[in-house]
$ cat start-v5.pdb   # PDB, C-alpha atoms
ATOM      1  CA  MET P   1       5.278  14.669 -18.720  1.00  0.00           C
ATOM      2  CA  TYR P   2       3.322  12.117 -16.685  1.00  0.00           C
ATOM      3  CA  LYS P   3       2.864  12.144 -12.906  1.00  0.00           C
ATOM      4  CA  LEU P   4       2.006   9.126 -10.786  1.00  0.00           C
ATOM      5  CA  VAL P   5       1.174   9.709  -7.118  1.00  0.00           C
ATOM      6  CA  LEU P   6       1.321   6.802  -4.658  1.00  0.00           C
ATOM      7  CA  VAL P   7      -0.169   7.193  -1.167  1.00  0.00           C
ATOM      8  CA  ARG P   8      -0.134   4.591   1.566  1.00  0.00           C
ATOM      9  CA  HIS P   9      -3.423   4.730   3.459  1.00  0.00           C
ATOM     10  CA  GLY P  10      -3.601   6.822   6.609  1.00  0.00           C
ATOM     11  CA  GLN P  11      -2.959   5.171   9.946  1.00  0.00           C
ATOM     12  CA  SER P  12      -5.458   2.370  10.601  1.00  0.00           C
ATOM     13  CA  THR P  13      -6.845   1.269  13.957  1.00  0.00           C
ATOM     14  CA  TRP P  14      -4.597  -1.801  13.824  1.00  0.00           C
ATOM     15  CA  ASN P  15      -1.567   0.309  12.909  1.00  0.00           C
ATOM     16  CA  GLN P  16      -2.385   2.258  16.046  1.00  0.00           C
ATOM     17  CA  GLU P  17      -2.522  -0.988  18.058  1.00  0.00           C
ATOM     18  CA  ASN P  18       0.668  -2.262  16.353  1.00  0.00           C
ATOM     19  CA  ARG P  19      -1.023  -5.350  14.902  1.00  0.00           C
ATOM     20  CA  PHE P  20      -0.274  -7.193  11.678  1.00  0.00           C
ATOM     21  CA  THR P  21      -3.189  -6.299   9.407  1.00  0.00           C
ATOM     22  CA  GLY P  22      -2.725  -7.673   5.880  1.00  0.00           C
ATOM     23  CA  TRP P  23      -6.047  -8.496   4.221  1.00  0.00           C
ATOM     24  CA  THR P  24      -8.042  -7.965   7.428  1.00  0.00           C
ATOM     25  CA  ASP P  25     -10.452  -5.114   6.767  1.00  0.00           C
ATOM     26  CA  VAL P  26     -10.020  -2.442   9.438  1.00  0.00           C
ATOM     27  CA  ASP P  27     -10.910   1.248   9.480  1.00  0.00           C
ATOM     28  CA  LEU P  28      -8.809   4.383   9.675  1.00  0.00           C
ATOM     29  CA  SER P  29      -7.929   5.792  13.063  1.00  0.00           C
ATOM     30  CA  GLU P  30      -8.654   9.433  13.879  1.00  0.00           C
ATOM     31  CA  ARG P  31      -5.049  10.197  12.984  1.00  0.00           C
ATOM     32  CA  GLY P  32      -5.447   8.259   9.724  1.00  0.00           C
ATOM     33  CA  VAL P  33      -8.425  10.383   8.668  1.00  0.00           C
ATOM     34  CA  LYS P  34      -6.400  13.525   9.367  1.00  0.00           C
ATOM     35  CA  GLU P  35      -3.444  12.162   7.367  1.00  0.00           C
ATOM     36  CA  ALA P  36      -5.683  11.403   4.376  1.00  0.00           C
ATOM     37  CA  CYS P  37      -7.253  14.856   4.438  1.00  0.00           C
ATOM     38  CA  GLU P  38      -3.854  16.528   4.750  1.00  0.00           C
ATOM     39  CA  ALA P  39      -2.562  14.510   1.786  1.00  0.00           C
ATOM     40  CA  GLY P  40      -5.506  15.739  -0.304  1.00  0.00           C
ATOM     41  CA  LYS P  41      -4.881  19.350   0.723  1.00  0.00           C
ATOM     42  CA  THR P  42      -1.191  19.026  -0.165  1.00  0.00           C
ATOM     43  CA  LEU P  43      -1.994  17.623  -3.606  1.00  0.00           C
ATOM     44  CA  LYS P  44      -4.488  20.421  -4.216  1.00  0.00           C
ATOM     45  CA  GLU P  45      -1.922  23.043  -3.211  1.00  0.00           C
ATOM     46  CA  LYS P  46       0.535  21.492  -5.677  1.00  0.00           C
ATOM     47  CA  GLY P  47      -2.005  21.805  -8.482  1.00  0.00           C
ATOM     48  CA  PHE P  48      -2.753  18.141  -9.204  1.00  0.00           C
ATOM     49  CA  GLN P  49      -5.848  17.518 -11.335  1.00  0.00           C
ATOM     50  CA  PHE P  50      -6.325  13.751 -11.483  1.00  0.00           C
ATOM     51  CA  ARG P  51      -8.767  12.182 -13.912  1.00  0.00           C
ATOM     52  CA  TYR P  52      -8.397   8.573 -12.771  1.00  0.00           C
ATOM     53  CA  ALA P  53      -7.590   6.829  -9.501  1.00  0.00           C
ATOM     54  CA  TYR P  54      -6.928   3.349  -8.139  1.00  0.00           C
ATOM     55  CA  THR P  55      -7.292   1.697  -4.768  1.00  0.00           C
ATOM     56  CA  SER P  56      -7.523  -1.740  -3.183  1.00  0.00           C
ATOM     57  CA  LEU P  57     -10.586  -3.600  -1.913  1.00  0.00           C
ATOM     58  CA  LEU P  58      -9.802  -2.716   1.698  1.00  0.00           C
ATOM     59  CA  THR P  59     -11.642  -0.017   3.643  1.00  0.00           C
ATOM     60  CA  ARG P  60      -8.610   1.862   4.953  1.00  0.00           C
ATOM     61  CA  ALA P  61      -7.296   2.487   1.435  1.00  0.00           C
ATOM     62  CA  ILE P  62     -10.732   3.241  -0.058  1.00  0.00           C
ATOM     63  CA  LYS P  63     -11.501   5.810   2.643  1.00  0.00           C
ATOM     64  CA  THR P  64      -8.060   7.373   2.303  1.00  0.00           C
ATOM     65  CA  LEU P  65      -8.663   7.848  -1.410  1.00  0.00           C
ATOM     66  CA  ASN P  66     -12.137   9.282  -0.808  1.00  0.00           C
ATOM     67  CA  TYR P  67     -10.869  11.797   1.755  1.00  0.00           C
ATOM     68  CA  MET P  68      -8.131  12.910  -0.642  1.00  0.00           C
ATOM     69  CA  LEU P  69     -10.526  13.231  -3.573  1.00  0.00           C
ATOM     70  CA  GLU P  70     -12.948  15.218  -1.437  1.00  0.00           C
ATOM     71  CA  GLU P  71     -10.206  17.702  -0.549  1.00  0.00           C
ATOM     72  CA  LEU P  72      -9.323  17.888  -4.255  1.00  0.00           C
ATOM     73  CA  ASP P  73     -12.989  18.395  -5.296  1.00  0.00           C
ATOM     74  CA  LEU P  74     -12.560  15.270  -7.444  1.00  0.00           C
ATOM     75  CA  LEU P  75     -14.999  12.771  -5.939  1.00  0.00           C
ATOM     76  CA  TRP P  76     -16.550  12.478  -9.406  1.00  0.00           C
ATOM     77  CA  ILE P  77     -13.551  10.951 -11.196  1.00  0.00           C
ATOM     78  CA  PRO P  78     -13.516   7.210 -12.063  1.00  0.00           C
ATOM     79  CA  VAL P  79     -11.980   4.952  -9.410  1.00  0.00           C
ATOM     80  CA  GLU P  80     -10.838   1.409 -10.102  1.00  0.00           C
ATOM     81  CA  LYS P  81     -10.679  -1.013  -7.158  1.00  0.00           C
ATOM     82  CA  THR P  82      -8.604  -4.192  -7.371  1.00  0.00           C
ATOM     83  CA  TRP P  83      -7.422  -6.972  -5.056  1.00  0.00           C
ATOM     84  CA  ARG P  84      -4.013  -6.660  -6.714  1.00  0.00           C
ATOM     85  CA  LEU P  85      -3.450  -3.458  -4.718  1.00  0.00           C
ATOM     86  CA  ASN P  86      -4.316  -5.165  -1.417  1.00  0.00           C
ATOM     87  CA  GLU P  87      -1.728  -5.342   1.325  1.00  0.00           C
ATOM     88  CA  LYS P  88       0.514  -8.400   1.601  1.00  0.00           C
ATOM     89  CA  HIS P  89      -1.382 -11.242   3.300  1.00  0.00           C
ATOM     90  CA  TYR P  90       0.352 -11.909   6.619  1.00  0.00           C
ATOM     91  CA  GLY P  91      -1.136 -15.375   7.179  1.00  0.00           C
ATOM     92  CA  PHE P  92      -1.503 -16.447  10.811  1.00  0.00           C
ATOM     93  CA  LEU P  93       0.125 -13.193  11.986  1.00  0.00           C
ATOM     94  CA  GLN P  94      -2.929 -11.116  11.055  1.00  0.00           C
ATOM     95  CA  GLY P  95      -4.466  -9.547  14.140  1.00  0.00           C
ATOM     96  CA  LEU P  96      -1.477 -10.295  16.356  1.00  0.00           C
ATOM     97  CA  ASN P  97       0.624  -7.638  18.102  1.00  0.00           C
ATOM     98  CA  LYS P  98       4.067  -7.208  16.545  1.00  0.00           C
ATOM     99  CA  THR P  99       6.109  -6.799  19.718  1.00  0.00           C
ATOM    100  CA  GLU P 100       4.285  -9.699  21.391  1.00  0.00           C
ATOM    101  CA  MET P 101       5.216 -11.884  18.415  1.00  0.00           C
ATOM    102  CA  VAL P 102       8.849 -10.827  18.887  1.00  0.00           C
ATOM    103  CA  ASP P 103       8.635 -11.924  22.523  1.00  0.00           C
ATOM    104  CA  LYS P 104       7.194 -15.278  21.458  1.00  0.00           C
ATOM    105  CA  TYR P 105       9.181 -16.130  18.316  1.00  0.00           C
ATOM    106  CA  GLY P 106      12.218 -13.844  18.498  1.00  0.00           C
ATOM    107  CA  ALA P 107      13.101 -10.700  16.557  1.00  0.00           C
ATOM    108  CA  GLU P 108      14.939 -12.545  13.792  1.00  0.00           C
ATOM    109  CA  GLN P 109      12.027 -14.851  12.964  1.00  0.00           C
ATOM    110  CA  VAL P 110       9.429 -12.075  13.042  1.00  0.00           C
ATOM    111  CA  GLN P 111      11.633  -9.875  10.884  1.00  0.00           C
ATOM    112  CA  LEU P 112      11.926 -12.749   8.410  1.00  0.00           C
ATOM    113  CA  TRP P 113       8.138 -13.078   8.199  1.00  0.00           C
ATOM    114  CA  ARG P 114       7.585  -9.318   8.135  1.00  0.00           C
ATOM    115  CA  ARG P 115      10.366  -8.012   5.940  1.00  0.00           C
ATOM    116  CA  SER P 116      12.136 -10.749   3.941  1.00  0.00           C
ATOM    117  CA  PHE P 117      11.568 -10.765   0.197  1.00  0.00           C
ATOM    118  CA  ASP P 118      10.508 -14.346  -0.451  1.00  0.00           C
ATOM    119  CA  VAL P 119       9.585 -15.957   2.903  1.00  0.00           C
ATOM    120  CA  GLN P 120       5.874 -16.387   3.626  1.00  0.00           C
ATOM    121  CA  PRO P 121       4.478 -16.347   7.175  1.00  0.00           C
ATOM    122  CA  PRO P 122       2.624 -19.586   8.049  1.00  0.00           C
ATOM    123  CA  ALA P 123      -0.697 -19.608   6.208  1.00  0.00           C
ATOM    124  CA  ILE P 124      -4.150 -19.536   7.736  1.00  0.00           C
ATOM    125  CA  PRO P 125      -6.000 -22.787   6.943  1.00  0.00           C
ATOM    126  CA  ALA P 126      -8.312 -22.876   3.936  1.00  0.00           C
ATOM    127  CA  ASP P 127     -11.243 -23.637   6.260  1.00  0.00           C
ATOM    128  CA  ASP P 128     -10.549 -20.673   8.538  1.00  0.00           C
ATOM    129  CA  PRO P 129     -13.577 -18.315   8.443  1.00  0.00           C
ATOM    130  CA  HIS P 130     -11.156 -15.398   7.931  1.00  0.00           C
ATOM    131  CA  HIS P 131      -9.728 -16.942   4.749  1.00  0.00           C
ATOM    132  CA  PRO P 132     -10.338 -14.674   1.702  1.00  0.00           C
ATOM    133  CA  ARG P 133     -12.309 -17.388  -0.087  1.00  0.00           C
ATOM    134  CA  PHE P 134     -15.169 -16.782   2.373  1.00  0.00           C
ATOM    135  CA  ASP P 135     -15.175 -13.020   1.747  1.00  0.00           C
ATOM    136  CA  PRO P 136     -17.669 -11.907  -0.949  1.00  0.00           C
ATOM    137  CA  ARG P 137     -15.040  -9.519  -2.341  1.00  0.00           C
ATOM    138  CA  TYR P 138     -12.903 -12.458  -3.413  1.00  0.00           C
ATOM    139  CA  ALA P 139     -15.334 -15.383  -3.554  1.00  0.00           C
ATOM    140  CA  ASP P 140     -15.873 -15.216  -7.322  1.00  0.00           C
ATOM    141  CA  LEU P 141     -12.290 -14.377  -8.307  1.00  0.00           C
ATOM    142  CA  THR P 142     -10.502 -17.049 -10.315  1.00  0.00           C
ATOM    143  CA  GLU P 143      -7.162 -15.292 -10.927  1.00  0.00           C
ATOM    144  CA  ALA P 144      -4.100 -16.999  -9.475  1.00  0.00           C
ATOM    145  CA  GLY P 145      -3.283 -15.619  -6.030  1.00  0.00           C
ATOM    146  CA  SER P 146      -6.608 -13.838  -5.566  1.00  0.00           C
ATOM    147  CA  GLN P 147      -7.515 -15.929  -2.474  1.00  0.00           C
ATOM    148  CA  PRO P 148      -4.221 -16.347  -0.590  1.00  0.00           C
ATOM    149  CA  GLY P 149      -3.768 -17.735   2.905  1.00  0.00           C
ATOM    150  CA  THR P 150      -0.373 -16.042   3.139  1.00  0.00           C
ATOM    151  CA  GLU P 151       2.030 -14.077   0.943  1.00  0.00           C
ATOM    152  CA  SER P 152       5.640 -12.968   0.761  1.00  0.00           C
ATOM    153  CA  LEU P 153       6.704  -9.624  -0.647  1.00  0.00           C
ATOM    154  CA  LEU P 154       7.692 -11.536  -3.796  1.00  0.00           C
ATOM    155  CA  ASP P 155       4.093 -12.765  -4.145  1.00  0.00           C
ATOM    156  CA  THR P 156       2.861  -9.196  -3.743  1.00  0.00           C
ATOM    157  CA  VAL P 157       5.289  -7.920  -6.374  1.00  0.00           C
ATOM    158  CA  ASN P 158       4.216 -10.678  -8.771  1.00  0.00           C
ATOM    159  CA  ARG P 159       0.550  -9.670  -8.560  1.00  0.00           C
ATOM    160  CA  ILE P 160       0.980  -5.902  -8.778  1.00  0.00           C
ATOM    161  CA  VAL P 161       3.668  -5.465 -11.472  1.00  0.00           C
ATOM    162  CA  PRO P 162       1.600  -7.062 -14.294  1.00  0.00           C
ATOM    163  CA  TYR P 163      -1.303  -4.805 -13.280  1.00  0.00           C
ATOM    164  CA  TRP P 164       0.959  -1.769 -13.496  1.00  0.00           C
ATOM    165  CA  GLN P 165       2.185  -2.847 -16.923  1.00  0.00           C
ATOM    166  CA  SER P 166      -1.233  -3.653 -18.395  1.00  0.00           C
ATOM    167  CA  ASN P 167      -3.471  -1.128 -16.674  1.00  0.00           C
ATOM    168  CA  ILE P 168      -2.136   1.673 -14.488  1.00  0.00           C
ATOM    169  CA  SER P 169       0.611   2.757 -16.889  1.00  0.00           C
ATOM    170  CA  ALA P 170      -1.887   2.902 -19.758  1.00  0.00           C
ATOM    171  CA  MET P 171      -4.214   5.145 -17.759  1.00  0.00           C
ATOM    172  CA  LEU P 172      -1.268   7.329 -16.790  1.00  0.00           C
ATOM    173  CA  LYS P 173      -0.383   7.841 -20.454  1.00  0.00           C
ATOM    174  CA  LYS P 174      -4.030   8.567 -21.251  1.00  0.00           C
ATOM    175  CA  HIS P 175      -4.752  11.043 -18.454  1.00  0.00           C
ATOM    176  CA  GLY P 176      -1.337  12.483 -17.564  1.00  0.00           C
ATOM    177  CA  GLU P 177      -1.863  12.190 -13.796  1.00  0.00           C
ATOM    178  CA  VAL P 178      -3.023   9.163 -11.808  1.00  0.00           C
ATOM    179  CA  LEU P 179      -3.545   8.747  -8.057  1.00  0.00           C
ATOM    180  CA  VAL P 180      -3.091   5.379  -6.303  1.00  0.00           C
ATOM    181  CA  ALA P 181      -4.102   4.842  -2.668  1.00  0.00           C
ATOM    182  CA  ALA P 182      -3.035   1.455  -1.402  1.00  0.00           C
ATOM    183  CA  HIS P 183      -0.755  -0.258   1.126  1.00  0.00           C
ATOM    184  CA  GLY P 184       2.853  -0.428   2.195  1.00  0.00           C
ATOM    185  CA  ASN P 185       3.719  -3.671   0.448  1.00  0.00           C
ATOM    186  CA  SER P 186       1.657  -3.351  -2.730  1.00  0.00           C
ATOM    187  CA  LEU P 187       3.126   0.119  -3.230  1.00  0.00           C
ATOM    188  CA  ARG P 188       6.619  -1.190  -2.520  1.00  0.00           C
ATOM    189  CA  GLY P 189       6.028  -3.667  -5.351  1.00  0.00           C
ATOM    190  CA  ILE P 190       5.364  -0.819  -7.783  1.00  0.00           C
ATOM    191  CA  ILE P 191       8.282   1.205  -6.399  1.00  0.00           C
ATOM    192  CA  LYS P 192      10.664  -1.742  -6.727  1.00  0.00           C
ATOM    193  CA  TYR P 193       9.724  -2.104 -10.380  1.00  0.00           C
ATOM    194  CA  LEU P 194       9.800   1.607 -11.267  1.00  0.00           C
ATOM    195  CA  LYS P 195      13.158   2.265  -9.589  1.00  0.00           C
ATOM    196  CA  ASN P 196      14.685  -1.156 -10.335  1.00  0.00           C
ATOM    197  CA  ILE P 197      15.449  -1.686  -6.650  1.00  0.00           C
ATOM    198  CA  SER P 198      17.158  -4.949  -5.733  1.00  0.00           C
ATOM    199  CA  GLU P 199      15.475  -7.659  -3.649  1.00  0.00           C
ATOM    200  CA  ASN P 200      17.876  -6.930  -0.794  1.00  0.00           C
ATOM    201  CA  ASP P 201      17.295  -3.173  -0.827  1.00  0.00           C
ATOM    202  CA  ILE P 202      13.504  -3.151  -1.167  1.00  0.00           C
ATOM    203  CA  VAL P 203      13.063  -4.982   2.148  1.00  0.00           C
ATOM    204  CA  GLY P 204      14.608  -1.953   3.871  1.00  0.00           C
ATOM    205  CA  PHE P 205      12.362   0.582   2.148  1.00  0.00           C
ATOM    206  CA  ASN P 206       9.631   1.861   4.502  1.00  0.00           C
ATOM    207  CA  MET P 207       6.531   3.590   3.166  1.00  0.00           C
ATOM    208  CA  PRO P 208       5.076   6.186   5.582  1.00  0.00           C
ATOM    209  CA  THR P 209       1.325   6.536   6.017  1.00  0.00           C
ATOM    210  CA  GLY P 210      -0.515   9.387   4.343  1.00  0.00           C
ATOM    211  CA  ILE P 211       2.409  11.030   2.525  1.00  0.00           C
ATOM    212  CA  PRO P 212       2.097  11.501  -1.277  1.00  0.00           C
ATOM    213  CA  TYR P 213       5.007   9.990  -3.202  1.00  0.00           C
ATOM    214  CA  VAL P 214       5.330  11.502  -6.695  1.00  0.00           C
ATOM    215  CA  PHE P 215       6.919   9.858  -9.746  1.00  0.00           C
ATOM    216  CA  GLU P 216       7.546  11.995 -12.830  1.00  0.00           C
ATOM    217  CA  PHE P 217       8.040  10.390 -16.260  1.00  0.00           C
ATOM    218  CA  ASP P 218       8.999  11.817 -19.645  1.00  0.00           C
ATOM    219  CA  ASN P 219       6.857  11.294 -22.753  1.00  0.00           C
ATOM    220  CA  ASN P 220       8.472   7.883 -23.309  1.00  0.00           C
ATOM    221  CA  MET P 221       7.614   6.798 -19.745  1.00  0.00           C
ATOM    222  CA  ASN P 222      11.206   6.981 -18.580  1.00  0.00           C
ATOM    223  CA  LEU P 223      11.410   7.881 -14.890  1.00  0.00           C
ATOM    224  CA  ILE P 224      12.799  11.406 -14.434  1.00  0.00           C
ATOM    225  CA  LYS P 225      12.590  11.816 -10.673  1.00  0.00           C
ATOM    226  CA  ASP P 226      10.641  10.787  -7.583  1.00  0.00           C
ATOM    227  CA  TYR P 227      10.005  12.627  -4.305  1.00  0.00           C
ATOM    228  CA  PHE P 228       7.764  12.749  -1.242  1.00  0.00           C
ATOM    229  CA  LEU P 229       5.570  15.794  -0.635  1.00  0.00           C
ATOM    230  CA  ALA P 230       6.524  16.337   3.004  1.00  0.00           C
ATOM    231  CA  ASP P 231       8.896  18.203   5.253  1.00  0.00           C
ATOM    232  CA  PRO P 232      12.064  16.051   5.470  1.00  0.00           C
ATOM    233  CA  LYS P 233      12.019  15.916   9.297  1.00  0.00           C
ATOM    234  CA  ILE P 234       8.373  14.855   9.435  1.00  0.00           C
ATOM    235  CA  LEU P 235       8.958  12.332   6.651  1.00  0.00           C
ATOM    236  CA  GLN P 236      11.932  10.763   8.446  1.00  0.00           C
ATOM    237  CA  LYS P 237       9.957  10.531  11.691  1.00  0.00           C
ATOM    238  CA  LEU P 238       7.147   8.657   9.930  1.00  0.00           C
ATOM    239  CA  ILE P 239       9.577   6.337   8.123  1.00  0.00           C
ATOM    240  CA  ASP P 240      11.317   5.526  11.424  1.00  0.00           C
ATOM    241  CA  GLU P 241       7.943   4.835  12.995  1.00  0.00           C
ATOM    242  CA  VAL P 242       7.242   2.157  10.382  1.00  0.00           C
ATOM    243  CA  ALA P 243      10.749   0.678  10.632  1.00  0.00           C
ATOM    244  CA  ASN P 244      10.570   0.360  14.421  1.00  0.00           C
ATOM    245  CA  GLN P 245       7.164  -1.320  14.784  1.00  0.00           C
ATOM    246  CA  THR P 246       8.661  -4.546  16.178  1.00  0.00           C
ATOM    247  CA  LYS P 247      10.818  -2.703  18.723  1.00  0.00           C
ATOM    248  CA  LYS P 248       9.664  -1.901  22.247  1.00  0.00           C
TER     249      LYS P 248
END
$ encode --input "start-v5.pdb" --output "structure tokens"
Amino acid sequence: MYKLVLVRHGQSTWNQENRFTGWTDVDLSERGVKEACEAGKTLKEKGFQFRYAYTSLLTRAIKTLNYMLEELDLLWIPVEKTWRLNEKHYGFLQGLNKTEMVDKYGAEQVQLWRRSFDVQPPAIPADDPHHPRFDPRYADLTEAGSQPGTESLLDTVNRIVPYWQSNISAMLKKHGEVLVAAHGNSLRGIIKYLKNISENDIVGFNMPTGIPYVFEFDNNMNLIKDYFLADPKILQKLIDEVANQTKK
């Protein structure tokens, strides 16, 4: 049996301020640090012994992974960082408050930018100093999509699924257990693929912060079951919190 564990980073400072974050590099909030540590403790209690881990190139995911690995006494294992696990790029929305954008553009339009499958928010200009091409993390990347000015969920799915197929799944078969700390939308891309969720249904799937999501596979990599490691009431509260971010 193989076990994949997906964890959305703990609450970030911009989550706390209800801002669109995307590829903007912000830190964990105090609550986010606690969530990451608690996730690591939970995984240790459940007996996980990872030998390989993945994360994005963004601080909030990297720190979440490090806090979990510290709790697991596994800071020594190899960690692979990739832009393909980055959050969806929210274009011009990045840094802006979600409810204020609803007031300005209307709930329907903001929901379309935030949650539709194939609609991109308006892009930031290529000469904007916040564009990824000016960030040293992405400056030398030549892969298609590695320096976006905006993305839809479809774009995010298209960059993460090939990476799952060529890389993460191979490491899972090699090591038996793999830990991935990333972001709501990049993880939704993996989840959509693994569970064969439709385009319509995946837009309504909300990934809570800091809660381990376990996928178990048989020896032929067929999905057996998936489940969150959390009390159902706490889990539902966190899912509702994500779903209601554009509501006052």
$ residues_around --input "start-v5.pdb" --residues "stretch 153-169 of chain P" --least-positions-apart "3" --cutoff "6 Å" --atoms "only C-alpha atoms" --output "list in words"
Arg84, Lys88, Phe117, Asp118, Leu172 and Gly189 of chain P
$ resolve_selection --input "start-v5.pdb" --expression "the PyMOL selection byres ((chain P and resi 25) around 10)" --output "NGL selection string"
:P and (12 or 14 or 21-24 or 26-27 or 57-61)
$ resolve_selection --input "start-v5.pdb" --expression "the PyMOL selection byres ((chain P and resi 210) around 8)" --output "list in words"
Val7, Arg8, His9, Gly10, Gln11, Gly32, Glu35, Ala36, Glu38, Ala39, Pro208, Thr209, Ile211 and Pro212 of chain P
$ closest_residue --input "start-v5.pdb" --among "P:Asn185, P:Leu28, P:Gly176, P:Asp240" --to "P:Asn219" --atoms "only C-alpha atoms"
P:Gly176
$ resolve_selection --input "start-v5.pdb" --expression "the PyMOL selection byres ((chain P and resi 100-108) around 10)" --output "ChimeraX atom specification"
/P:18-20,93,96-99,109-114,246-248
$ axis_aligned_box --input "start-v5.pdb" --around "stretch 183-197 of chain P" --padding-each-side "8 Å" --output "lines of an AutoDock Vina configuration file"
center_x = 7.3
center_y = -0.7
center_z = -4.5
size_x = 32.2
size_y = 21.9
size_z = 29.5
$ residues_around --input "start-v5.pdb" --residues "P:Ile191" --least-positions-apart "3" --cutoff "12 Å" --atoms "all atoms listed in the file" --output "MDAnalysis selection string"
chainID P and resid 4:7 157 160:161 164 183:188 194:199 201:203 205:207 213:215 223 226:227
$ atom_distance --input "start-v5.pdb" --atom1 "atom CA of P:Ile234" --atom2 "atom CA of P:Lys34"
14.8 Å
$ residues_around --input "start-v5.pdb" --residues "stretch 126-140 of chain P" --least-positions-apart "4" --cutoff "8 Å" --atoms "only C-alpha atoms" --output "mmCIF file with C-alpha atoms, keeping the file's coordinate frame"
data_model
loop_
_atom_site.group_PDB
_atom_site.id
_atom_site.type_symbol
_atom_site.label_atom_id
_atom_site.label_comp_id
_atom_site.auth_asym_id
_atom_site.auth_seq_id
_atom_site.Cartn_x
_atom_site.Cartn_y
_atom_site.Cartn_z
ATOM 1 C CA TRP P 23 -6.047 -8.496 4.221
ATOM 2 C CA LEU P 57 -10.586 -3.600 -1.913
ATOM 3 C CA TRP P 83 -7.422 -6.972 -5.056
ATOM 4 C CA SER P 146 -6.608 -13.838 -5.566
ATOM 5 C CA GLN P 147 -7.515 -15.929 -2.474
ATOM 6 C CA PRO P 148 -4.221 -16.347 -0.590
ATOM 7 C CA GLY P 149 -3.768 -17.735 2.905
#
$ closest_residue --input "start-v5.pdb" --among "P:Leu43, P:Leu235, P:Ala182, P:Val242" --to "P:Thr55" --atoms "only C-alpha atoms"
P:Ala182
$ atom_distance --input "start-v5.pdb" --atom1 "atom CA of P:Ile124" --atom2 "atom CA of P:Leu65"
29.2 Å
$ atom_distance --input "start-v5.pdb" --atom1 "atom CA of P:Glu216" --atom2 "atom CA of P:Ser116"
28.6 Å
